[in-house]
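What follows is query12.pdb (PDB, C-alpha atoms, pLDDT in the B column).
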ATOM      1  CA  GLY A   1       6.402 -37.607 -24.368  1.00 62.00           C
ATOM      2  CA  LYS A   2       6.349 -34.767 -21.884  1.00 70.00           C
ATOM      3  CA  ASP A   3      10.129 -34.446 -21.983  1.00 72.00           C
ATOM      4  CA  GLN A   4       9.915 -33.353 -25.643  1.00 77.00           C
ATOM      5  CA  LYS A   5       7.456 -30.532 -24.960  1.00 82.00           C
ATOM      6  CA  GLN A   6      10.238 -27.954 -24.595  1.00 89.00           C
ATOM      7  CA  HIS A   7      11.397 -28.680 -28.160  1.00 89.00           C
ATOM      8  CA  LEU A   8       7.856 -28.206 -29.403  1.00 91.00           C
ATOM      9  CA  GLU A   9       7.665 -24.875 -27.568  1.00 93.00           C
ATOM     10  CA  VAL A  10      10.823 -23.667 -29.347  1.00 95.00           C
ATOM     11  CA  ALA A  11       9.319 -24.672 -32.714  1.00 94.00           C
ATOM     12  CA  ARG A  12       6.056 -22.908 -31.825  1.00 95.00           C
ATOM     13  CA  ASP A  13       7.905 -19.727 -30.824  1.00 96.00           C
ATOM     14  CA  LEU A  14       9.929 -19.704 -34.040  1.00 96.00           C
ATOM     15  CA  ALA A  15       6.877 -20.340 -36.245  1.00 96.00           C
ATOM     16  CA  GLN A  16       4.839 -17.631 -34.509  1.00 97.00           C
ATOM     17  CA  LYS A  17       7.662 -15.080 -34.660  1.00 97.00           C
ATOM     18  CA  PHE A  18       8.275 -15.756 -38.346  1.00 96.00           C
ATOM     19  CA  ASN A  19       4.537 -15.664 -39.156  1.00 96.00           C
ATOM     20  CA  ASN A  20       4.110 -12.380 -37.257  1.00 97.00           C
ATOM     21  CA  GLU A  21       7.073 -10.829 -39.067  1.00 95.00           C
ATOM     22  CA  PHE A  22       6.571 -12.161 -42.601  1.00 95.00           C
ATOM     23  CA  GLY A  23       2.990 -13.427 -42.858  1.00 94.00           C
ATOM     24  CA  GLU A  24       1.400 -16.859 -42.492  1.00 94.00           C
ATOM     25  CA  THR A  25       4.095 -19.263 -43.623  1.00 94.00           C
ATOM     26  CA  PHE A  26       4.487 -22.008 -41.034  1.00 94.00           C
ATOM     27  CA  VAL A  27       1.899 -24.129 -39.306  1.00 93.00           C
ATOM     28  CA  VAL A  28       2.251 -23.532 -35.568  1.00 95.00           C
ATOM     29  CA  PRO A  29       2.605 -27.025 -34.063  1.00 91.00           C
ATOM     30  CA  GLU A  30       0.312 -28.108 -31.266  1.00 89.00           C
ATOM     31  CA  PRO A  31       1.289 -30.692 -28.654  1.00 84.00           C
ATOM     32  CA  ALA A  32      -0.289 -34.122 -29.003  1.00 81.00           C
ATOM     33  CA  ILE A  33       0.936 -35.864 -25.872  1.00 73.00           C
ATOM     34  CA  SER A  34      -1.163 -38.813 -24.807  1.00 70.00           C
ATOM     35  CA  GLU A  35      -1.517 -39.054 -21.042  1.00 70.00           C
ATOM     36  CA  LYS A  36      -1.203 -42.819 -21.481  1.00 66.00           C
ATOM     37  CA  THR A  37       2.330 -42.503 -22.864  1.00 61.00           C
ATOM     38  CA  ALA A  38       3.406 -39.107 -21.504  1.00 62.00           C
ATOM     39  CA  ILE A  39       6.006 -40.760 -19.289  1.00 74.00           C
ATOM     40  CA  VAL A  40       6.909 -44.403 -19.809  1.00 83.00           C
ATOM     41  CA  PRO A  41       8.728 -45.983 -16.864  1.00 88.00           C
ATOM     42  CA  GLY A  42      11.894 -47.914 -17.487  1.00 89.00           C
ATOM     43  CA  LEU A  43      13.133 -51.158 -15.989  1.00 93.00           C
ATOM     44  CA  ASP A  44      14.033 -49.355 -12.766  1.00 92.00           C
ATOM     45  CA  GLY A  45      10.883 -47.242 -12.455  1.00 88.00           C
ATOM     46  CA  GLN A  46      12.570 -44.020 -13.577  1.00 88.00           C
ATOM     47  CA  LYS A  47      11.589 -42.427 -16.882  1.00 85.00           C
ATOM     48  CA  MET A  48      12.589 -44.822 -19.672  1.00 87.00           C
ATOM     49  CA  SER A  49      15.799 -43.495 -21.182  1.00 87.00           C
ATOM     50  CA  LYS A  50      18.818 -44.797 -23.043  1.00 89.00           C
ATOM     51  CA  SER A  51      20.898 -42.561 -20.741  1.00 88.00           C
ATOM     52  CA  TYR A  52      19.746 -44.623 -17.753  1.00 88.00           C
ATOM     53  CA  ASP A  53      20.085 -47.899 -19.691  1.00 91.00           C
ATOM     54  CA  ASN A  54      16.625 -48.820 -18.488  1.00 93.00           C
ATOM     55  CA  THR A  55      14.934 -49.349 -21.851  1.00 94.00           C
ATOM     56  CA  ILE A  56      13.243 -52.307 -23.499  1.00 95.00           C
ATOM     57  CA  PRO A  57      14.617 -52.164 -27.052  1.00 95.00           C
ATOM     58  CA  ILE A  58      11.861 -53.384 -29.363  1.00 92.00           C
ATOM     59  CA  PHE A  59      14.183 -54.898 -31.968  1.00 95.00           C
ATOM     60  CA  LEU A  60      15.876 -57.360 -29.629  1.00 94.00           C
ATOM     61  CA  ASP A  61      15.474 -61.023 -30.471  1.00 91.00           C
ATOM     62  CA  GLY A  62      13.064 -63.006 -28.288  1.00 92.00           C
ATOM     63  CA  LYS A  63      15.661 -64.265 -25.824  1.00 95.00           C
ATOM     64  CA  GLN A  64      17.222 -60.838 -25.238  1.00 96.00           C
ATOM     65  CA  LEU A  65      13.826 -59.139 -25.075  1.00 97.00           C
ATOM     66  CA  LYS A  66      12.653 -61.634 -22.465  1.00 97.00           C
ATOM     67  CA  LYS A  67      15.800 -61.009 -20.418  1.00 97.00           C
ATOM     68  CA  ARG A  68      15.134 -57.242 -20.430  1.00 97.00           C
ATOM     69  CA  VAL A  69      11.473 -57.632 -19.468  1.00 97.00           C
ATOM     70  CA  MET A  70      12.349 -60.061 -16.690  1.00 97.00           C
ATOM     71  CA  ALA A  71      14.792 -57.429 -15.365  1.00 96.00           C
ATOM     72  CA  ILE A  72      11.979 -54.963 -14.600  1.00 97.00           C
ATOM     73  CA  GLN A  73      12.421 -54.044 -10.950  1.00 96.00           C
ATOM     74  CA  THR A  74       9.630 -54.962  -8.565  1.00 95.00           C
ATOM     75  CA  ASP A  75       9.344 -54.969  -4.805  1.00 94.00           C
ATOM     76  CA  ALA A  76       9.500 -57.990  -2.523  1.00 94.00           C
ATOM     77  CA  THR A  77       5.820 -58.049  -1.603  1.00 94.00           C
ATOM     78  CA  PRO A  78       4.644 -61.686  -1.406  1.00 95.00           C
ATOM     79  CA  VAL A  79       2.253 -62.905  -4.112  1.00 95.00           C
ATOM     80  CA  GLU A  80      -0.705 -63.229  -1.767  1.00 96.00           C
ATOM     81  CA  GLU A  81      -0.345 -59.693  -0.385  1.00 96.00           C
ATOM     82  CA  PRO A  82      -2.146 -56.691  -1.927  1.00 96.00           C
ATOM     83  CA  LYS A  83       0.014 -54.355  -4.008  1.00 96.00           C
ATOM     84  CA  ASP A  84      -0.429 -50.837  -5.354  1.00 96.00           C
ATOM     85  CA  PRO A  85      -0.629 -51.060  -9.163  1.00 96.00           C
ATOM     86  CA  ASP A  86      -0.266 -47.285  -9.543  1.00 92.00           C
ATOM     87  CA  SER A  87       3.188 -47.312  -7.962  1.00 93.00           C
ATOM     88  CA  CYS A  88       4.420 -50.431  -9.786  1.00 95.00           C
ATOM     89  CA  ASN A  89       6.489 -49.784 -12.917  1.00 93.00           C
ATOM     90  CA  LEU A  90       5.709 -53.308 -14.180  1.00 96.00           C
ATOM     91  CA  TYR A  91       1.988 -52.517 -14.117  1.00 97.00           C
ATOM     92  CA  GLN A  92       2.581 -49.104 -15.723  1.00 94.00           C
ATOM     93  CA  ILE A  93       4.388 -50.720 -18.661  1.00 95.00           C
ATOM     94  CA  LEU A  94       1.777 -53.484 -18.874  1.00 97.00           C
ATOM     95  CA  LYS A  95      -0.935 -50.807 -19.271  1.00 95.00           C
ATOM     96  CA  LEU A  96       0.613 -49.878 -22.624  1.00 93.00           C
ATOM     97  CA  PHE A  97       0.114 -53.361 -24.089  1.00 96.00           C
ATOM     98  CA  ALA A  98      -2.585 -55.325 -22.278  1.00 97.00           C
ATOM     99  CA  ALA A  99      -6.200 -55.434 -23.408  1.00 97.00           C
ATOM    100  CA  PRO A 100      -8.494 -53.471 -21.051  1.00 96.00           C
ATOM    101  CA  GLU A 101     -10.258 -56.624 -19.808  1.00 98.00           C
ATOM    102  CA  ARG A 102      -6.979 -58.359 -18.989  1.00 97.00           C
ATOM    103  CA  LEU A 103      -5.591 -55.217 -17.401  1.00 97.00           C
ATOM    104  CA  GLN A 104      -8.636 -55.080 -15.141  1.00 97.00           C
ATOM    105  CA  GLU A 105      -8.086 -58.725 -14.118  1.00 97.00           C
ATOM    106  CA  ILE A 106      -4.454 -58.005 -13.264  1.00 97.00           C
ATOM    107  CA  HIS A 107      -5.446 -54.809 -11.437  1.00 97.00           C
ATOM    108  CA  THR A 108      -7.767 -56.901  -9.283  1.00 97.00           C
ATOM    109  CA  LEU A 109      -4.927 -59.343  -8.554  1.00 97.00           C
ATOM    110  CA  TYR A 110      -2.774 -56.422  -7.423  1.00 97.00           C
ATOM    111  CA  VAL A 111      -5.421 -54.932  -5.167  1.00 97.00           C
ATOM    112  CA  ASP A 112      -6.782 -58.185  -3.717  1.00 97.00           C
ATOM    113  CA  GLY A 113      -3.521 -60.117  -3.649  1.00 95.00           C
ATOM    114  CA  GLY A 114      -2.420 -62.824  -6.031  1.00 95.00           C
ATOM    115  CA  ALA A 115      -0.327 -60.787  -8.471  1.00 95.00           C
ATOM    116  CA  ALA A 116       2.790 -62.845  -9.182  1.00 96.00           C
ATOM    117  CA  TYR A 117       5.388 -60.547 -10.716  1.00 97.00           C
ATOM    118  CA  GLY A 118       7.189 -63.359 -12.546  1.00 97.00           C
ATOM    119  CA  TYR A 119       4.043 -64.448 -14.381  1.00 97.00           C
ATOM    120  CA  ILE A 120       3.064 -60.868 -15.152  1.00 98.00           C
ATOM    121  CA  LYS A 121       6.537 -60.245 -16.603  1.00 98.00           C
ATOM    122  CA  LEU A 122       6.194 -63.334 -18.797  1.00 98.00           C
ATOM    123  CA  GLU A 123       2.810 -62.118 -19.996  1.00 98.00           C
ATOM    124  CA  LEU A 124       4.244 -58.657 -20.681  1.00 98.00           C
ATOM    125  CA  PHE A 125       7.105 -60.217 -22.623  1.00 98.00           C
ATOM    126  CA  GLU A 126       4.609 -62.107 -24.818  1.00 98.00           C
ATOM    127  CA  LEU A 127       2.568 -58.945 -25.383  1.00 98.00           C
ATOM    128  CA  ILE A 128       5.619 -56.863 -26.350  1.00 97.00           C
ATOM    129  CA  ASN A 129       7.031 -59.647 -28.489  1.00 96.00           C
ATOM    130  CA  ASP A 130       3.742 -60.077 -30.354  1.00 96.00           C
ATOM    131  CA  TYR A 131       3.176 -56.343 -30.712  1.00 96.00           C
ATOM    132  CA  PHE A 132       6.533 -55.673 -32.376  1.00 96.00           C
ATOM    133  CA  ILE A 133       7.017 -58.929 -34.309  1.00 95.00           C
ATOM    134  CA  GLU A 134       5.934 -57.348 -37.599  1.00 95.00           C
ATOM    135  CA  ALA A 135       8.314 -54.406 -37.132  1.00 95.00           C
ATOM    136  CA  ARG A 136      11.210 -56.749 -36.286  1.00 95.00           C
ATOM    137  CA  THR A 137      10.459 -58.871 -39.350  1.00 95.00           C
ATOM    138  CA  LYS A 138      10.298 -55.790 -41.567  1.00 95.00           C
ATOM    139  CA  LYS A 139      13.585 -54.483 -40.171  1.00 95.00           C
ATOM    140  CA  ALA A 140      15.267 -57.822 -40.872  1.00 94.00           C
ATOM    141  CA  GLU A 141      13.949 -57.736 -44.442  1.00 95.00           C
ATOM    142  CA  TYR A 142      15.296 -54.228 -44.997  1.00 95.00           C
ATOM    143  CA  LEU A 143      18.686 -55.073 -43.537  1.00 95.00           C
ATOM    144  CA  SER A 144      18.946 -58.197 -45.657  1.00 97.00           C
ATOM    145  CA  ASP A 145      18.800 -56.108 -48.858  1.00 97.00           C
ATOM    146  CA  PRO A 146      21.017 -53.012 -48.413  1.00 96.00           C
ATOM    147  CA  ILE A 147      20.583 -51.910 -52.035  1.00 97.00           C
ATOM    148  CA  GLU A 148      16.795 -51.844 -51.760  1.00 96.00           C
ATOM    149  CA  LEU A 149      17.109 -50.107 -48.378  1.00 96.00           C
ATOM    150  CA  ARG A 150      19.233 -47.360 -49.957  1.00 97.00           C
ATOM    151  CA  ASN A 151      16.650 -47.033 -52.756  1.00 97.00           C
ATOM    152  CA  ILE A 152      13.821 -46.663 -50.231  1.00 97.00           C
ATOM    153  CA  LEU A 153      15.798 -44.040 -48.303  1.00 97.00           C
ATOM    154  CA  ALA A 154      16.618 -42.165 -51.520  1.00 98.00           C
ATOM    155  CA  ARG A 155      12.940 -42.117 -52.534  1.00 98.00           C
ATOM    156  CA  GLY A 156      12.041 -40.806 -49.087  1.00 98.00           C
ATOM    157  CA  ALA A 157      14.713 -38.112 -49.317  1.00 98.00           C
ATOM    158  CA  ASP A 158      13.420 -37.075 -52.744  1.00 98.00           C
ATOM    159  CA  LYS A 159       9.874 -36.849 -51.427  1.00 97.00           C
ATOM    160  CA  ALA A 160      10.982 -34.816 -48.386  1.00 98.00           C
ATOM    161  CA  ARG A 161      13.120 -32.534 -50.547  1.00 97.00           C
ATOM    162  CA  GLU A 162      10.178 -31.907 -52.876  1.00 96.00           C
ATOM    163  CA  LYS A 163       7.935 -30.880 -49.975  1.00 95.00           C
ATOM    164  CA  ALA A 164      10.635 -28.848 -48.224  1.00 96.00           C
ATOM    165  CA  THR A 165      11.515 -26.964 -51.408  1.00 96.00           C
ATOM    166  CA  VAL A 166       8.000 -25.535 -51.614  1.00 94.00           C
ATOM    167  CA  THR A 167       8.245 -24.207 -48.053  1.00 93.00           C
ATOM    168  CA  LEU A 168      11.834 -22.969 -48.467  1.00 94.00           C
ATOM    169  CA  ASP A 169      10.910 -21.118 -51.662  1.00 94.00           C
ATOM    170  CA  LEU A 170       8.025 -19.480 -49.809  1.00 94.00           C
ATOM    171  CA  VAL A 171      10.329 -18.522 -46.911  1.00 95.00           C
ATOM    172  CA  ARG A 172      12.935 -17.059 -49.285  1.00 95.00           C
ATOM    173  CA  ASP A 173      10.246 -15.080 -51.061  1.00 93.00           C
ATOM    174  CA  ARG A 174       8.786 -13.765 -47.790  1.00 94.00           C
ATOM    175  CA  VAL A 175      12.161 -12.599 -46.447  1.00 94.00           C
ATOM    176  CA  GLY A 176      13.210 -11.155 -49.805  1.00 92.00           C
ATOM    177  CA  ILE A 177      15.951 -13.592 -50.775  1.00 91.00           C
ATOM    178  CA  LYS A 178      15.989 -14.000 -54.535  1.00 79.00           C
ATOM    179  CA  TYR A 179      18.214 -16.503 -56.280  1.00 71.00           C
TER     180      TYR A 179
END
As a first step, turn the structure in this file into C-alpha cells.
Amino acid sequence: GKDQKQHLEVARDLAQKFNNEFGETFVVPEPAISEKTAIVPGLDGQKMSKSYDNTIPIFLDGKQLKKRVMAIQTDATPVEEPKDPDSCNLYQILKLFAAPERLQEIHTLYVDGGAAYGYIKLELFELINDYFIEARTKKAEYLSDPIELRNILARGADKAREKATVTLDLVRDRVGIKY
C-alpha cells in the first residue's frame, strides 16, 4: 500500500548509492502499488491498521469473521434513500471482492436508493469467507503438523540462504572484503 512507499524509497536510495559506488549489484526496486488496494479502509473508515484495531483478520473462523464484517461502520441513511458509494467504507471494501457486474448492481442501489447495509455486509462476509477459505484450510493443515511446518520453513530458509549467499558474495567482492 501507499503507506509502505517510504520503505521502498529507502531501499531504492540504498541500491542506487551502492550501485553508483561499486557497480551494478542490486536491482533498484520499483513501486507496484495498485490504485485498487493503495489504501484499504478499516471497519471505521480510517486506513485499515492493526494499530487502530479496525482490521478484518482473514484467518478468523466464520462466526468471528462475520462479527467483524457486521461491525463495519455505516451511516444512518434509510435504505430507500440514495447514498454516496465513494464515501462509504463498506462499499470500498466490497470493491475488493465483488465481481464487477455485482458491484455495478450494488452501486446502482446506492445511487438510486435501496442499498441495505445489513444485506451488503452479509454478502461481503460471504465473499471474504469464500475468498480466504483455501488459505484458512491450508493454515489449519500446517498448524496441525508442527514437524512438517518446521521442515517447510527450514527448506525455505535454505533456499533463501542459497540465493542471498550469491548476492552477499558479490557485495563482499565489490567492496573488497575477502574471507
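Distance-wise, CA of Gln92 (chain A) and CA of His107 (chain A) end up 10.7 Å apart.
Only residues having an atom at most 12 Å from (2.2, -27.6, -36.1) are included; using all atoms listed in the file, these are Leu8, Glu9, Val10, Ala11, Arg12, Asp13, Leu14, Ala15, Gln16, Thr25, Phe26, Val27, Val28, Pro29, Glu30, Pro31 and Ala32 of chain A.
Taking CA of Val40 (chain A) as the reference point, CA of Leu143 (chain A) is found at 28.6 Å.
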Subject >> Close residues, Tyr110 (chain A) itself excluded, 10 Å, only C-alpha atoms, min 2 positions apart in chain, as a ChimeraX atom specification >> reply: /A:79-86,88,91,104-108,112-117
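Residues matching the PyMOL selection byres ((chain A and resi 74) around 9) in this structure come to Asp44, Gly45, Ala71, Ile72, Gln73, Asp75, Ala76, Thr77, Cys88, Asn89, Leu90 and Tyr117 of chain A.
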